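Beneath this line is the structure, given in structure tokens, with notes to follow.
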There are 2 protein chains.
Amino acid sequence: MDVGVQAARKGLDPASDVFNSDCPGRTVLDHVTSRWGVLILASLREGPLRFYELRDRIGGISEKMLSQNLRVLGRDGLVAREVEPTLPPKVSYRLTPLGSGLAGPLQGLLDWVAGHTHDIVAAQRDHDAQG
Amino acid sequence: MDVGVQAARKGLDPASDVFNSDCPGRTVLDHVTSRWGVLILASLREGPLRFYELRDRIGGISEKMLSQNLRVLGRDGLVAREVEPTLPPKVSYRLTPLGSGLAGPLQGLLDWVAGHTHDIVAAQRDHDAQG
């Protein structure tokens, strides 16, 4: 079935169709499911953080990847950068209202992962043992 | 704060900590948030599909990427492969009970994307106009 038709049936803007690689919805999905994007948004859920606090909280992220991802999330309107006019200026990052709305569904996914990592590791072990 | 301590506080197995790059939870997060993984799991939510049905439903996926991702999701215990003993054999893919449990939180995320792609595209446009 045509993906635009599917979206229209559900009363959705066809542009939001994640199954169509030409639609903006696919790009949005890529951003909100990127590994670092998910972890940055989840980290900011409890309040604003400084750059180095984000870096320390998210194991394995480089400063370059953190900067790049904060830029993408900022352009998407999910994260805002705030500069306090001190010397030197203090820069922090917080969720926008749009980003806060996304944090709920993302947390649902993270809770599932936290609760089922054990099951998945067990499945991988069974699979490899059958090899 | 030590990530193992964070997990232990919440009564979770530290192995499930997605913020720690050395924990299996991070790998699980990578699988369940991979672009193709999300779209395959969401596609199977309404019932089993044949390989070519999945390929046609998910815009832009190559047969190679589909095969690879089905293997990863199979090893994770999220998707099962079923072979009907016909000539030629019919192969279909379905969610396991574990995969069905994940499909709920994933759908929450996809619903958010469908409902907010417009807002994100508008934010991107504003951002670029301020350039």
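As shown in the structure tokens, the chain order sets the letters A, B, ...; within each chain, residues go from 1, and ligands are also counted from 1 in the order they appear.
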DSSP says alpha helix (DSSP H) for which residues of stretch 15-120 of chain A? Put them as a ChimeraX atom specification? /A:24-32,35-43,51-57,63-75,97-120
Against chain A, which residues of chain B fall within 7 Å? For each one I want the closest pair of atoms and the distance in Å (one decimal), counting only C-alpha atoms, rows by chain and increasing residue number, as CSV.
residue,atom,partner,partner_atom,distance
B:Ser16,CA,A:Ala114,CA,4.9
B:Asp17,CA,A:Ala114,CA,6.6
B:Phe19,CA,A:Ile58,CA,5.1
B:Asn20,CA,A:Gly59,CA,4.8
B:Ser21,CA,A:Gly59,CA,5.1
B:Pro24,CA,A:Thr117,CA,6.9
B:Gly25,CA,A:Thr117,CA,5.6
B:Val28,CA,A:Thr117,CA,6.5
B:Leu29,CA,A:Val113,CA,6.4
B:Asp30,CA,A:Arg35,CA,6.2
B:Thr33,CA,A:Thr33,CA,5.2
B:Ser34,CA,A:Thr33,CA,6.9
B:Arg35,CA,A:Asp30,CA,6.2
B:Arg57,CA,A:Phe19,CA,6.9
B:Ile58,CA,A:Phe19,CA,5.2
B:Gly59,CA,A:Asn20,CA,4.8
B:Gly60,CA,A:Ser21,CA,5.5
B:Arg75,CA,A:Gln124,CA,5.2
B:Asp76,CA,A:Ile120,CA,5.2
B:Gly77,CA,A:Ala123,CA,5.1
B:Leu102,CA,A:Trp112,CA,6.8
B:Pro105,CA,A:Leu109,CA,5.2
B:Leu106,CA,A:Leu109,CA,6.5
B:Gly108,CA,A:Pro105,CA,5.5
B:Leu109,CA,A:Pro105,CA,5.2
B:Trp112,CA,A:Leu102,CA,6.8
B:Val113,CA,A:Leu29,CA,6.4
B:Ala114,CA,A:Ser16,CA,4.9
B:Thr117,CA,A:Ser16,CA,5.4
B:Ile120,CA,A:Asp76,CA,5.2
B:Ala123,CA,A:Gly77,CA,5.1
B:Gln124,CA,A:Arg75,CA,5.2
B:His127,CA,A:Arg75,CA,5.7
Can you list, as a VMD selection string, every protein, DNA or RNA residue that comes within 9 Å of stretch 93-97 of chain A when you count only C-alpha atoms, leaving out same-chain residues fewer than 6 positions away? chain A and resid 41 44 to 45 47 to 51 54 70 77 to 83 103
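Note that DSSP on the backbone gives strand (DSSP E or B) to these residues of stretch 63-114 of chain A: Val79, Ala80, Arg81, Glu82, Val83, Glu84, Lys90, Val91, Ser92, Tyr93, Arg94 and Leu95 of chain A.
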